[in-house]
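Presented below is the structure to which this report refers.
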Amino acid sequence: MRVDDDTVTWLRANFEIKAGFTVERRMVYKAYSRHMQSMMQEPTNAAGFGKFIRNVFPGVTSRRLGSRGNSRYHYDGLRIKPSS
């Protein structure tokens with residue numbers, strides 16, 4: 001899957017690889033969707049976006065965090081940049 005340059009630029013401007021940090025996958029996808037809508041472009045679906053993340057940040061993995069029945073998937077090893 002080819003990742004478009006605008007998406008790569010946006011991801012690198014707002015997120016970075018950092019051990020010990022997690023970011024909820026749903027939150028990252030919502031931010032991406034808002035960005036794409038502001039650019040008047042159609043966002044890819046969540047599964048396709050997950051592939052973008054793995055291409056741009058190859059060391060990032062997914063984890064399910066939270067108590068039983070309330071768990072959510074997170075990107076492990078990714079954080080929101082303080083400047084974002």
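So you can find residues: chains in the structure tokens are A, B, ... in the order shown, residues in each start at 1, and ligands are numbered from 1 in order.
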
Using only C-alpha atoms, which residues sit within 12 Å of region 44-56 of chain A once same-chain residues fewer than 5 positions away are excluded, as a PDB file with N, CA and C atoms, in the first residue's frame?
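Saved the output as part-v8.pdb:
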ATOM      1  N   MET A   1       0.844  -1.195   0.000  1.00  0.00           N
ATOM      2  CA  MET A   1       0.000   0.000   0.000  1.00  0.00           C
ATOM      3  C   MET A   1       0.879   1.244   0.000  1.00  0.00           C
ATOM      4  N   ARG A   2       0.589   2.151  -0.883  1.00  0.00           N
ATOM      5  CA  ARG A   2       1.349   3.388  -0.974  1.00  0.00           C
ATOM      6  C   ARG A   2       0.745   4.411  -0.025  1.00  0.00           C
ATOM      7  N   VAL A   3       1.618   5.018   0.748  1.00  0.00           N
ATOM      8  CA  VAL A   3       1.189   6.056   1.683  1.00  0.00           C
ATOM      9  C   VAL A   3       1.431   7.397   1.005  1.00  0.00           C
ATOM     10  N   ASP A   4       0.385   8.224   0.916  1.00  0.00           N
ATOM     11  CA  ASP A   4       0.582   9.510   0.245  1.00  0.00           C
ATOM     12  C   ASP A   4       1.435  10.436   1.111  1.00  0.00           C
ATOM     13  N   ASP A   5       2.175  11.310   0.448  1.00  0.00           N
ATOM     14  CA  ASP A   5       3.151  12.164   1.125  1.00  0.00           C
ATOM     15  C   ASP A   5       2.508  13.103   2.144  1.00  0.00           C
ATOM     16  N   ASP A   6       1.309  13.597   1.850  1.00  0.00           N
ATOM     17  CA  ASP A   6       0.633  14.500   2.789  1.00  0.00           C
ATOM     18  C   ASP A   6       0.310  13.794   4.103  1.00  0.00           C
ATOM     19  N   THR A   7      -0.123  12.542   4.017  1.00  0.00           N
ATOM     20  CA  THR A   7      -0.431  11.773   5.226  1.00  0.00           C
ATOM     21  C   THR A   7       0.835  11.500   6.022  1.00  0.00           C
ATOM     22  N   VAL A   8       1.913  11.141   5.349  1.00  0.00           N
ATOM     23  CA  VAL A   8       3.192  10.897   6.033  1.00  0.00           C
ATOM     24  C   VAL A   8       3.657  12.167   6.736  1.00  0.00           C
ATOM     25  N   THR A   9       3.590  13.287   6.047  1.00  0.00           N
ATOM     26  CA  THR A   9       4.004  14.569   6.629  1.00  0.00           C
ATOM     27  C   THR A   9       3.162  14.892   7.855  1.00  0.00           C
ATOM     28  N   TRP A  10       1.854  14.714   7.749  1.00  0.00           N
ATOM     29  CA  TRP A  10       0.961  15.005   8.876  1.00  0.00           C
ATOM     30  C   TRP A  10       1.265  14.084  10.057  1.00  0.00           C
ATOM     31  N   LEU A  11       1.439  12.780   9.795  1.00  0.00           N
ATOM     32  CA  LEU A  11       1.732  11.839  10.882  1.00  0.00           C
ATOM     33  C   LEU A  11       3.038  12.193  11.584  1.00  0.00           C
ATOM     34  N   ARG A  12       4.079  12.470  10.814  1.00  0.00           N
ATOM     35  CA  ARG A  12       5.382  12.800  11.424  1.00  0.00           C
ATOM     36  C   ARG A  12       5.369  14.140  12.135  1.00  0.00           C
ATOM     37  N   ALA A  13       4.516  15.054  11.710  1.00  0.00           N
ATOM     38  CA  ALA A  13       4.416  16.353  12.377  1.00  0.00           C
ATOM     39  C   ALA A  13       3.699  16.246  13.715  1.00  0.00           C
ATOM     40  N   PHE A  15       2.992  12.984  15.533  1.00  0.00           N
ATOM     41  CA  PHE A  15       3.264  11.794  16.341  1.00  0.00           C
ATOM     42  C   PHE A  15       4.724  11.397  16.224  1.00  0.00           C
ATOM     43  N   GLU A  16       5.213  10.694  17.242  1.00  0.00           N
ATOM     44  CA  GLU A  16       6.589  10.211  17.216  1.00  0.00           C
ATOM     45  C   GLU A  16       6.692   8.894  17.960  1.00  0.00           C
ATOM     46  N   ILE A  17       7.707   8.121  17.593  1.00  0.00           N
ATOM     47  CA  ILE A  17       7.970   6.865  18.286  1.00  0.00           C
ATOM     48  C   ILE A  17       8.608   7.196  19.622  1.00  0.00           C
ATOM     49  N   ARG A  25      -5.906   4.045  19.500  1.00  0.00           N
ATOM     50  CA  ARG A  25      -6.002   3.979  18.041  1.00  0.00           C
ATOM     51  C   ARG A  25      -7.176   4.796  17.519  1.00  0.00           C
ATOM     52  N   ARG A  26      -8.294   4.705  18.188  1.00  0.00           N
ATOM     53  CA  ARG A  26      -9.495   5.423  17.740  1.00  0.00           C
ATOM     54  C   ARG A  26      -9.263   6.937  17.719  1.00  0.00           C
ATOM     55  N   MET A  27      -8.526   7.445  18.723  1.00  0.00           N
ATOM     56  CA  MET A  27      -8.249   8.874  18.799  1.00  0.00           C
ATOM     57  C   MET A  27      -7.343   9.319  17.643  1.00  0.00           C
ATOM     58  N   VAL A  28      -6.344   8.505  17.320  1.00  0.00           N
ATOM     59  CA  VAL A  28      -5.438   8.835  16.218  1.00  0.00           C
ATOM     60  C   VAL A  28      -6.207   8.849  14.902  1.00  0.00           C
ATOM     61  N   TYR A  29      -7.073   7.870  14.705  1.00  0.00           N
ATOM     62  CA  TYR A  29      -7.847   7.808  13.470  1.00  0.00           C
ATOM     63  C   TYR A  29      -8.814   8.999  13.359  1.00  0.00           C
ATOM     64  N   LYS A  30      -9.438   9.390  14.455  1.00  0.00           N
ATOM     65  CA  LYS A  30     -10.351  10.544  14.416  1.00  0.00           C
ATOM     66  C   LYS A  30      -9.597  11.817  14.048  1.00  0.00           C
ATOM     67  N   ALA A  31      -8.392  12.001  14.603  1.00  0.00           N
ATOM     68  CA  ALA A  31      -7.585  13.176  14.275  1.00  0.00           C
ATOM     69  C   ALA A  31      -7.211  13.159  12.790  1.00  0.00           C
ATOM     70  N   TYR A  32      -6.849  11.993  12.286  1.00  0.00           N
ATOM     71  CA  TYR A  32      -6.524  11.843  10.861  1.00  0.00           C
ATOM     72  C   TYR A  32      -7.755  12.168  10.004  1.00  0.00           C
ATOM     73  N   SER A  33      -8.918  11.668  10.377  1.00  0.00           N
ATOM     74  CA  SER A  33     -10.143  11.931   9.614  1.00  0.00           C
ATOM     75  C   SER A  33     -10.452  13.425   9.563  1.00  0.00           C
ATOM     76  N   ARG A  34     -10.311  14.107  10.703  1.00  0.00           N
ATOM     77  CA  ARG A  34     -10.536  15.561  10.729  1.00  0.00           C
ATOM     78  C   ARG A  34      -9.540  16.283   9.825  1.00  0.00           C
ATOM     79  N   HIS A  35      -8.289  15.852   9.864  1.00  0.00           N
ATOM     80  CA  HIS A  35      -7.267  16.459   9.008  1.00  0.00           C
ATOM     81  C   HIS A  35      -7.630  16.279   7.531  1.00  0.00           C
ATOM     82  N   MET A  36      -8.016  15.070   7.153  1.00  0.00           N
ATOM     83  CA  MET A  36      -8.355  14.808   5.756  1.00  0.00           C
ATOM     84  C   MET A  36      -9.572  15.623   5.320  1.00  0.00           C
ATOM     85  N   GLN A  37     -10.563  15.737   6.189  1.00  0.00           N
ATOM     86  CA  GLN A  37     -11.752  16.525   5.849  1.00  0.00           C
ATOM     87  C   GLN A  37     -11.396  17.999   5.691  1.00  0.00           C
ATOM     88  N   THR A  61       3.500  -1.105  17.770  1.00  0.00           N
ATOM     89  CA  THR A  61       2.626  -2.281  17.808  1.00  0.00           C
ATOM     90  C   THR A  61       1.278  -1.888  18.388  1.00  0.00           C
ATOM     91  N   SER A  62       0.334  -2.814  18.370  1.00  0.00           N
ATOM     92  CA  SER A  62      -0.989  -2.572  18.941  1.00  0.00           C
ATOM     93  C   SER A  62      -1.142  -3.384  20.213  1.00  0.00           C
ATOM     94  N   TYR A  73      -8.089  -0.601  21.980  1.00  0.00           N
ATOM     95  CA  TYR A  73      -6.798  -0.815  21.332  1.00  0.00           C
ATOM     96  C   TYR A  73      -5.993   0.479  21.307  1.00  0.00           C
ATOM     97  N   HIS A  74      -4.701   0.325  21.555  1.00  0.00           N
ATOM     98  CA  HIS A  74      -3.774   1.447  21.580  1.00  0.00           C
ATOM     99  C   HIS A  74      -2.565   1.137  20.708  1.00  0.00           C
ATOM    100  N   TYR A  75      -1.944   2.197  20.189  1.00  0.00           N
ATOM    101  CA  TYR A  75      -0.645   2.049  19.538  1.00  0.00           C
ATOM    102  C   TYR A  75       0.396   2.135  20.640  1.00  0.00           C
ATOM    103  N   ASP A  76       1.178   1.080  20.791  1.00  0.00           N
ATOM    104  CA  ASP A  76       2.210   1.013  21.821  1.00  0.00           C
ATOM    105  C   ASP A  76       3.529   1.480  21.226  1.00  0.00           C
ATOM    106  N   GLY A  77       4.155   2.453  21.896  1.00  0.00           N
ATOM    107  CA  GLY A  77       5.418   2.997  21.410  1.00  0.00           C
ATOM    108  C   GLY A  77       5.232   4.243  20.580  1.00  0.00           C
ATOM    109  N   LEU A  78       4.039   4.812  20.585  1.00  0.00           N
ATOM    110  CA  LEU A  78       3.726   6.023  19.836  1.00  0.00           C
ATOM    111  C   LEU A  78       3.193   7.064  20.810  1.00  0.00           C
TER     112      LEU A  78
END

Note to self: Taking the DSSP secondary structure from the backbone, can you list the residues of chain A that are alpha helix (DSSP H), as a VMD selection string?
What the structure shows: chain A and resid 5 to 14 25 to 38 46 to 56

Output N, CA, C and O atoms of each residue in that selection to a file, as a compact mmCIF listing (two decimals), in the first residue's frame.
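That gives us part34.txt:
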# COMPACT_ATOMS: atom_id res chain seq x y z
N ASP A 5 2.18 11.31 0.45
CA ASP A 5 3.15 12.16 1.12
C ASP A 5 2.51 13.10 2.14
O ASP A 5 3.10 13.39 3.19
N ASP A 6 1.31 13.60 1.85
CA ASP A 6 0.63 14.50 2.79
C ASP A 6 0.31 13.79 4.10
O ASP A 6 0.46 14.37 5.18
N THR A 7 -0.12 12.54 4.02
CA THR A 7 -0.43 11.77 5.23
C THR A 7 0.83 11.50 6.02
O THR A 7 0.84 11.64 7.25
N VAL A 8 1.91 11.14 5.35
CA VAL A 8 3.19 10.90 6.03
C VAL A 8 3.66 12.17 6.74
O VAL A 8 4.06 12.13 7.90
N THR A 9 3.59 13.29 6.05
CA THR A 9 4.00 14.57 6.63
C THR A 9 3.16 14.89 7.85
O THR A 9 3.69 15.29 8.90
N TRP A 10 1.85 14.71 7.75
CA TRP A 10 0.96 15.00 8.88
C TRP A 10 1.26 14.08 10.06
O TRP A 10 1.34 14.54 11.20
N LEU A 11 1.44 12.78 9.79
CA LEU A 11 1.73 11.84 10.88
C LEU A 11 3.04 12.19 11.58
O LEU A 11 3.11 12.22 12.82
N ARG A 12 4.08 12.47 10.81
CA ARG A 12 5.38 12.80 11.42
C ARG A 12 5.37 14.14 12.14
O ARG A 12 6.14 14.34 13.07
N ALA A 13 4.52 15.05 11.71
CA ALA A 13 4.42 16.35 12.38
C ALA A 13 3.70 16.25 13.72
O ALA A 13 3.94 17.06 14.61
N ASN A 14 2.82 15.24 13.87
CA ASN A 14 1.98 15.17 15.06
C ASN A 14 2.28 14.01 16.00
O ASN A 14 1.86 14.03 17.16
N ARG A 25 -5.91 4.05 19.50
CA ARG A 25 -6.00 3.98 18.04
C ARG A 25 -7.18 4.80 17.52
O ARG A 25 -7.05 5.49 16.51
N ARG A 26 -8.29 4.70 18.19
CA ARG A 26 -9.49 5.42 17.74
C ARG A 26 -9.26 6.94 17.72
O ARG A 26 -9.71 7.63 16.81
N MET A 27 -8.53 7.44 18.72
CA MET A 27 -8.25 8.87 18.80
C MET A 27 -7.34 9.32 17.64
O MET A 27 -7.57 10.36 17.04
N VAL A 28 -6.34 8.51 17.32
CA VAL A 28 -5.44 8.84 16.22
C VAL A 28 -6.21 8.85 14.90
O VAL A 28 -6.05 9.76 14.08
N TYR A 29 -7.07 7.87 14.70
CA TYR A 29 -7.85 7.81 13.47
C TYR A 29 -8.81 9.00 13.36
O TYR A 29 -8.97 9.58 12.28
N LYS A 30 -9.44 9.39 14.46
CA LYS A 30 -10.35 10.54 14.42
C LYS A 30 -9.60 11.82 14.05
O LYS A 30 -10.09 12.64 13.27
N ALA A 31 -8.39 12.00 14.60
CA ALA A 31 -7.58 13.18 14.27
C ALA A 31 -7.21 13.16 12.79
O ALA A 31 -7.27 14.19 12.10
N TYR A 32 -6.85 11.99 12.29
CA TYR A 32 -6.52 11.84 10.86
C TYR A 32 -7.76 12.17 10.00
O TYR A 32 -7.64 12.90 9.01
N SER A 33 -8.92 11.67 10.38
CA SER A 33 -10.14 11.93 9.61
C SER A 33 -10.45 13.43 9.56
O SER A 33 -10.80 13.95 8.50
N ARG A 34 -10.31 14.11 10.70
CA ARG A 34 -10.54 15.56 10.73
C ARG A 34 -9.54 16.28 9.82
O ARG A 34 -9.90 17.22 9.11
N HIS A 35 -8.29 15.85 9.86
CA HIS A 35 -7.27 16.46 9.01
C HIS A 35 -7.63 16.28 7.53
O HIS A 35 -7.55 17.23 6.75
N MET A 36 -8.02 15.07 7.15
CA MET A 36 -8.35 14.81 5.76
C MET A 36 -9.57 15.62 5.32
O MET A 36 -9.60 16.15 4.21
N GLN A 37 -10.56 15.74 6.19
CA GLN A 37 -11.75 16.53 5.85
C GLN A 37 -11.40 18.00 5.69
O GLN A 37 -11.94 18.69 4.82
N SER A 38 -10.46 18.50 6.51
CA SER A 38 -10.05 19.90 6.38
C SER A 38 -9.30 20.13 5.07
O SER A 38 -9.26 21.25 4.57
N ALA A 46 -10.40 2.72 8.63
CA ALA A 46 -9.53 2.51 9.79
C ALA A 46 -8.49 1.42 9.55
O ALA A 46 -7.34 1.55 9.98
N ALA A 47 -8.85 0.37 8.84
CA ALA A 47 -7.89 -0.71 8.56
C ALA A 47 -6.77 -0.21 7.66
O ALA A 47 -5.59 -0.49 7.90
N GLY A 48 -7.11 0.54 6.65
CA GLY A 48 -6.10 1.12 5.76
C GLY A 48 -5.21 2.10 6.48
O GLY A 48 -4.00 2.16 6.26
N PHE A 49 -5.81 2.88 7.39
CA PHE A 49 -5.02 3.83 8.16
C PHE A 49 -4.04 3.10 9.07
O PHE A 49 -2.90 3.55 9.25
N GLY A 50 -4.44 1.98 9.65
CA GLY A 50 -3.53 1.18 10.46
C GLY A 50 -2.31 0.73 9.68
O GLY A 50 -1.20 0.68 10.20
N LYS A 51 -2.50 0.44 8.40
CA LYS A 51 -1.38 0.07 7.54
C LYS A 51 -0.47 1.28 7.30
O LYS A 51 0.75 1.13 7.25
N PHE A 52 -1.07 2.47 7.16
CA PHE A 52 -0.26 3.69 7.05
C PHE A 52 0.65 3.82 8.28
O PHE A 52 1.83 4.09 8.16
N ILE A 53 0.05 3.65 9.46
CA ILE A 53 0.80 3.80 10.71
C ILE A 53 1.98 2.83 10.73
O ILE A 53 3.11 3.21 11.07
N ARG A 54 1.73 1.58 10.39
CA ARG A 54 2.81 0.58 10.40
C ARG A 54 3.90 0.89 9.38
O ARG A 54 5.07 0.58 9.61
N ASN A 55 3.54 1.49 8.26
CA ASN A 55 4.54 1.88 7.26
C ASN A 55 5.37 3.07 7.71
O ASN A 55 6.57 3.13 7.48
N VAL A 56 4.74 4.05 8.33
CA VAL A 56 5.43 5.27 8.75
C VAL A 56 6.20 5.05 10.05
O VAL A 56 7.31 5.57 10.21

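Within chain A, DSSP run on the backbone puts these residues in strand (DSSP E): Phe15, Glu16, Ile17, Lys18, Ala19, Gly20, Phe21, Thr22, Val23, Glu24, Thr61, Ser62, Arg63, Arg64, Leu65, Arg72, Tyr73, His74, Tyr75, Asp76, Gly77, Leu78, Arg79 and Ile80 of chain A.
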
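Straight-line separation from CA of Gly66 (chain A) to CA of Pro43 (chain A): 27.7 Å.
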
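Taking CA of Ile80 (chain A) as the reference point, CA of Glu24 (chain A) is found at 10.5 Å.
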
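The gap separating CA of Ala19 (chain A) from CA of Val60 (chain A) is 9.1 Å, in Å to one decimal.
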